[in-house]
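Remarks on the structure that follows.
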Amino acid sequence: MSAPHLAIVAPLVLSVFIPVFYRIFRHIHTGWFVLPLPILLFVYFLTFLPETMRGESFIESMNWIPSLGINFTAKVDGLGLLFALLITGIGALVVLYSIYYLAKTKEKLNNFYVYLLLFMSAMLGVVLSDNLIVMYAFWELTSFSSFLLIGYWYERDKSRYGAQKSMLITVFGGLAMLGGIILLYIMTGTFSVTKLISQANTIFNHALFVPALLCILLGAFTKSAQFPFYIWLPDAMEAPTPVSAYLHSATMVKAGIYLVARFTPVFGDHFLWFWLVTSIGILTLIWGSIFAVKQTDLKAILAFSTVSQLGLIMSLLGAGAAALHYEFLDENIYTVAVTAAIFHLINHATFKGSLFMAAGIIDHETGTRDIRKLGGLMHYMPITFTISIIGAFSMAGLPPFNGFLSKEMFFTAMVHVTEMDLFNLETWGFVFPVLAWIASVFTFVYSMILVFKTFTGKYQPEKLDKKPHEAPMGLLISPVILVSLVIIFGFFPNLLSDILISPAMASILPSLLGAGDEFMVHISFWHGLNIELFMTLGVVCLGIILYMTHSKWKKIYKAIPEKLSLNQFYDFLIEGLESVSSKVTKTYMNGSIRSYLVYIFAFFIVILVTTLIGKNAFMFDTNNVSTIGIYEVVLAILVVLGSICILFAKSRMTSIILLGAVGYTVSLFYILFRAPDLALTQLVIETISVALFLVCFYHLPKLRKFETRMRFRLTNALISVGVGTLVTLIALSAHSSKLFESISKYYVENTYTEAAGKNMVNVILVDFRGFDTLFEITVLAIASLGIFGMIKLRLNGRKEG
Amino acid sequence: MEILMAFVIGILFSTATYLMLSKSLLRIIVGTGLLSHGAHLLILTMGGLKRGSAPILGGNAESYTDPLPQALILTAIVISFGVTAFFLVLAYRAYQELGTDNVEEMRGTEKDD
């Protein structure tokens with residue numbers, strides 16, 4: 001176990017102690033106990049920076065199930081480190097924010113922080129695991145912890161609905177991903193990503209390559225809320241705002257991005273990868289941005305905006321994969337897409353995190369997030385206003401913030417797509433920059449709506465639950481730090497390029513680097529009067545016009561019928577599944593013991609008959625049989641007659657006496673078969689049984705025949721004859737085939753020497769198999785306790801009821 | 001003898017199954033009793049019948065019958081007695097509390113809770 005292993009499980013370990021802290025220190029907000037950990041981890045991960053900047057990576061393996069190739073391998077490379085820093089860095093800010101957001105007197109803080117730490121561990125595990133099975137386990141853990149966090153206010157219907165939705169969709173994708181991982185294993189025989197990448201060329205032409213690609217992408221798209229799986233993300237906004245800021249904007253939804261980036265060296269060469277990732281990304285980008293404009297809830301706007309921005313990053317990664325087709329690093333203009341993807345990933349975490357926190361502040365201080373009720377808050381909440389305007393302008397892609405830089409690079413990358421001479425892009429490539437531009441216009445519009453509908457316009461105090469005022473310092477610290485980063489990265493983007501972006505690119509596009517090479521990343525504001533600049537200008541002009549006339553054209557959204565939406569489809573699917581499965585279950589789980597017995601017997605017959613036939617196990621051999629004496633024939637006839645007569649017995653008395661008769665006959669059998677102990681026991685037990693029957697006899701109901709219908713009796717007869725025949729066949733085969741020597745010889749030889757007893761049966765029971773007998777007595781004791789309990793039990797409550 | 005026993009056992013199993021599938025509690029209990037008899041004889045028959053004298057040392061016998069199935073059956077007889085006793089009391093109490101011994105009428109549904 002190495003230090004990165006410890007770092008991954010540290011939140012998990014801390015989460016164990018959280019309930020204890022919560023109980024003991026009631027007067028201290030539990031968040032204060034959590035806060036040091038992400039800060040510590042952040043600092044710890046910073047120490048890896050020199051290593052990854054040199055293009056090296058830390059890798060340390062811990063055996064788990066070596067026979068299956070499953071090991072807990074921690075790998076810290078450029079890409080993993082970038083994510084680890086995001087997870088711990090944003091995590092620390094979110095914990096700090098949550099301390100002021102969640103009141104310690106009202107909320108179940110122990111649950112909240114346990115879930116949050118669980119999530120942090122899971123996320124670190126996803127990005128730092130080299131072994132795919134381990135990564136998958138952590139991946140599903142993020143889904144589970146996200147489920148718990150969305151359902152944190154579980155008494156609300158919508159929370160439960162949102163939690164279930166996100167769980168179903170992301171776990172479905174996770175399972176698909178597991179399928180992809182297994183396919184990759186079949187092709188290469190390894191679960192290690194590092195080894196997979198080194199074998200990328202050999203699997204390219206494998207028949208399972210495309211199915212594996214599709215499965216992995218399904219996992220990534222569901223997690224990163226890509227079209228059409230994005231529908232869980234807006235509903236996930238039911239979670240407390242710190243959770244939304246953390247999971248649903250900065251970290252968990254980026255696990256899909258991580259997955260795509262991580263697998264680019266494996267799948268990136270294939271045209272399907274390029275087309276699927278880029279076009280689904282662009283589609284999600286434009287879809288999300290158009291629907292964000294429609295929303296009236298601040299968090300819903302941010303949710304759709306997150307969907308859209310994730311699409312943007314996704315499309316950049318897709319376009320960046322095309323760079324793999326150009327061998328030379330020099331003048332390889334397509335790598336700019338990957339640079340932009342990573343840069344925007346960081347930027348998005350900063351501006352979206354701050355915007356979510358600002359939305360949370362507004363909700364916290366005014367009691368609503370509805371932009372129709374808000375307005376004119378600028379004077380009441382100046383700091384929140386500043387945070388929001390910086391975040392929103394960055395999101396809209398305005399200078400001098402970091403969003404502007406990555407948006408420009410996004411345009412550059414999309415324009416470059418048209419210049420590619422691959423995959424029919426000569427004809428269809430122009431679609432990408434056009435769609436990108438339209439989506440950016442809508443992005444601009446909703447960014448403006450977000451800020452100006454909230455902070456300017458008419459102040460409507462009568463619609464607010466509380467009198468608005470500026471948030472306390474504690475709530476403001478985290479968003480202020482984030483917007484400062486927005487500004488710093490805006491002015492000094494190259495702070496990041498060497499330490500984070502270039503190493504991460506080296507992980508995504510390793511084949512383009514020779515030994516000792518590194519990606520030279522230089523981000524600058526001014527590129528001259530090029531097409532990207534004009535595109536941005538166009539976005540701003542059209543965006544302003546659309547924002548001004550927003551109230552006039554927003555009615556168009558009503559033209560889209562509600563019935564056709566993806567959410568309706570999802571609800572229909574879930575309801576259908578529930579009712580169909582409930583119906584199917586009810587048809588066979590009907591509560592009747594008889595039906596269950598029929599299933600058991602029928603299954604018994606089917607499975608044994610198939611085995612008998614399939615294994616050719618039936619044998620009939622009369623060589624080794626013992627003689628038949630006249631007594632045995634008489635006894636056999638008695639048993640058969642007795643048991644058949646029970647079937648036709650009309651009274652209780654007759655059936656009990658017949659059962660006793662059969663029992664006594666069986667004990668006579670034991671005498672003939674040289675089993676004196678059995679005969680004795682059987683005689684005693686049979687006597688007690690009959691006595692017991694007769695004691696209960698008085699209380700037992702009259703033997704009525706319920707089964708009068710012919711069909712009912714026929715089924716019973718058929719099944720019982722089937723069981724009987726089968727048992728006869730098995731008995732015959734068992735007798736006729738001797739596969740190996742009986743182990744009984746051991747007992748015959750050792751009974752006296754080892755145990756000094758002469759009665760072998762007794763010695764086996766009390767000596768060789770003494771524990772079995774002990775447990776047998778235990779069973780009897782439990783049965784007698786049960787009987788005692790039942791006799792004493794009085795269901796008074798039910799009778800009164 | 002083993003062949004004959006195989007058929008006897010088969011008939012025991014058939015009648016036991018038929019009884020267990022009926023709706024009356026008492027018949028179900030009688031059925032389980034028959035089923036255990038059948039199972040015991042089956043184990044004994046599988047081990048081979050009458051291959052020597054009773055498995056007790058000291059009688060100067062040349063060979064003994066297999067002691068192992070007998071030990072198993074001895075355990076099984078006792079256990080089946082325990083089960084029968086439990087069933088009987090269960091039936092008696094169920095009849096007292098519910099007023100029926102028809103298992104079809106004893107179905108509980110989730111709404112009953």
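So you can find residues: chains in the structure tokens are A, B, ... in the order shown, residues in each start at 1, and ligands are numbered from 1 in order.
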
Set the distance at 9 Å and use only C-alpha atoms: which residues neighbour segment 37-54 of chain B once local chain neighbours fewer than 6 positions away are removed? I'd like the list as number ranges by chain. A: 625-627, 662-663, 666, 669-670, 672-676, 727, 731-732, 734-735, 742; B: 1-2, 5-6, 8-13, 16, 61-70, 72-74, 76-77

For Ser146 of chain A, please output as a ChimeraX atom specification all residues within 12 Å (counting only C-alpha atoms; exclusion window: fewer than 3 positions along the same chain). /A:112,114-120,122-123,139-143,149-152,159-160,162-171,223,232-233,236-240,243-244,246-248,251-253

Got a sec: who's within 8 Å of Ile342 of chain A, counting only C-alpha atoms, leaving out chain neighbours fewer than 2 positions off, as a ChimeraX atom specification? /A:313,338-340,344-346,501,504-505

For Met760 of chain A: contacts at 10 Å, only C-alpha atoms, fewer than 5 positions along chain excluded, given as a list in words: Tyr747, Val748, Glu749, Asn750, Thr751, Tyr752, Ala755, Leu765, Asp767 and Phe768 of chain A; Ala54, Pro55, Ile56, Leu57, Tyr64, Asp66, Pro67, Leu68, Gln70 and Ala71 of chain B

File of the preceding selection, N, CA and C atoms, as a tab-separated table (two decimals), in the first residue's frame:
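That gives us again.tsv:
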```
chain	number	residue	atom	x	y	z
A	747	TYR	N	-14.55	-46.87	8.28
A	747	TYR	CA	-15.24	-46.99	9.57
A	747	TYR	C	-15.22	-48.42	10.07
A	748	VAL	N	-15.42	-49.36	9.13
A	748	VAL	CA	-15.41	-50.77	9.54
A	748	VAL	C	-14.07	-51.12	10.17
A	749	GLU	N	-13.00	-50.63	9.58
A	749	GLU	CA	-11.68	-51.00	10.08
A	749	GLU	C	-11.28	-50.27	11.35
A	750	ASN	N	-11.72	-49.03	11.47
A	750	ASN	CA	-11.21	-48.20	12.55
A	750	ASN	C	-12.11	-48.05	13.75
A	751	THR	N	-13.31	-48.58	13.66
A	751	THR	CA	-14.24	-48.36	14.76
A	751	THR	C	-13.65	-48.81	16.10
A	752	TYR	N	-13.07	-49.96	16.09
A	752	TYR	CA	-12.57	-50.45	17.37
A	752	TYR	C	-11.23	-49.84	17.72
A	755	ALA	N	-11.82	-45.77	18.15
A	755	ALA	CA	-12.82	-45.28	19.08
A	755	ALA	C	-13.21	-46.29	20.15
A	765	LEU	N	-21.81	-41.93	14.91
A	765	LEU	CA	-22.64	-40.81	15.35
A	765	LEU	C	-22.01	-40.01	16.48
A	767	ASP	N	-18.80	-40.31	17.71
A	767	ASP	CA	-17.36	-40.09	17.72
A	767	ASP	C	-16.87	-39.48	16.42
A	768	PHE	N	-16.94	-40.26	15.34
A	768	PHE	CA	-16.39	-39.75	14.07
A	768	PHE	C	-17.13	-38.51	13.60
B	54	ALA	N	-25.10	-57.43	10.69
B	54	ALA	CA	-25.31	-56.09	11.22
B	54	ALA	C	-23.98	-55.47	11.63
B	55	PRO	N	-23.81	-54.16	11.47
B	55	PRO	CA	-22.51	-53.54	11.70
B	55	PRO	C	-22.15	-53.44	13.17
B	56	ILE	N	-22.08	-54.58	13.82
B	56	ILE	CA	-21.66	-54.61	15.21
B	56	ILE	C	-20.51	-55.59	15.33
B	57	LEU	N	-19.39	-55.12	15.83
B	57	LEU	CA	-18.20	-55.96	15.91
B	57	LEU	C	-18.35	-57.02	16.99
B	64	TYR	N	-19.67	-56.95	6.91
B	64	TYR	CA	-20.74	-56.19	7.56
B	64	TYR	C	-21.49	-55.40	6.51
B	66	ASP	N	-23.11	-51.90	5.18
B	66	ASP	CA	-22.53	-50.55	5.20
B	66	ASP	C	-23.06	-49.77	6.40
B	67	PRO	N	-22.21	-49.33	7.33
B	67	PRO	CA	-22.72	-48.61	8.50
B	67	PRO	C	-23.04	-47.14	8.22
B	68	LEU	N	-22.44	-46.62	7.17
B	68	LEU	CA	-22.56	-45.17	6.95
B	68	LEU	C	-24.00	-44.73	6.65
B	70	GLN	N	-26.64	-46.08	7.52
B	70	GLN	CA	-27.43	-46.25	8.73
B	70	GLN	C	-27.24	-45.08	9.68
B	71	ALA	N	-26.00	-44.64	9.77
B	71	ALA	CA	-25.75	-43.48	10.64
B	71	ALA	C	-26.49	-42.26	10.11
```

Any idea what the distance is between atom CA of Leu683 of chain A and atom CA of Ile671 of chain A?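 Pair atom CA of Leu683 of chain A / atom CA of Ile671 of chain A returns 10.8 Å.
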
Name all residues at most 10 Å from Val43 of chain A (count only C-alpha atoms; drop same-chain ones fewer than 5 positions away) and give them as a PDB file with C-alpha atoms, in the first residue's frame.
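Now in result_23.pdb:
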```pdb
ATOM      1  CA  LEU A  37      -8.926  16.284   4.607  1.00  0.00           C
ATOM      2  CA  PRO A  38      -9.556  17.645   1.085  1.00  0.00           C
ATOM      3  CA  PHE A  48       3.188  15.136  -7.829  1.00  0.00           C
ATOM      4  CA  LEU A  85      -6.624  18.254  -7.994  1.00  0.00           C
ATOM      5  CA  THR A  88      -9.844  17.729  -3.819  1.00  0.00           C
ATOM      6  CA  GLY A  89      -9.625  21.446  -4.574  1.00  0.00           C
TER       7      GLY A  89
END
```
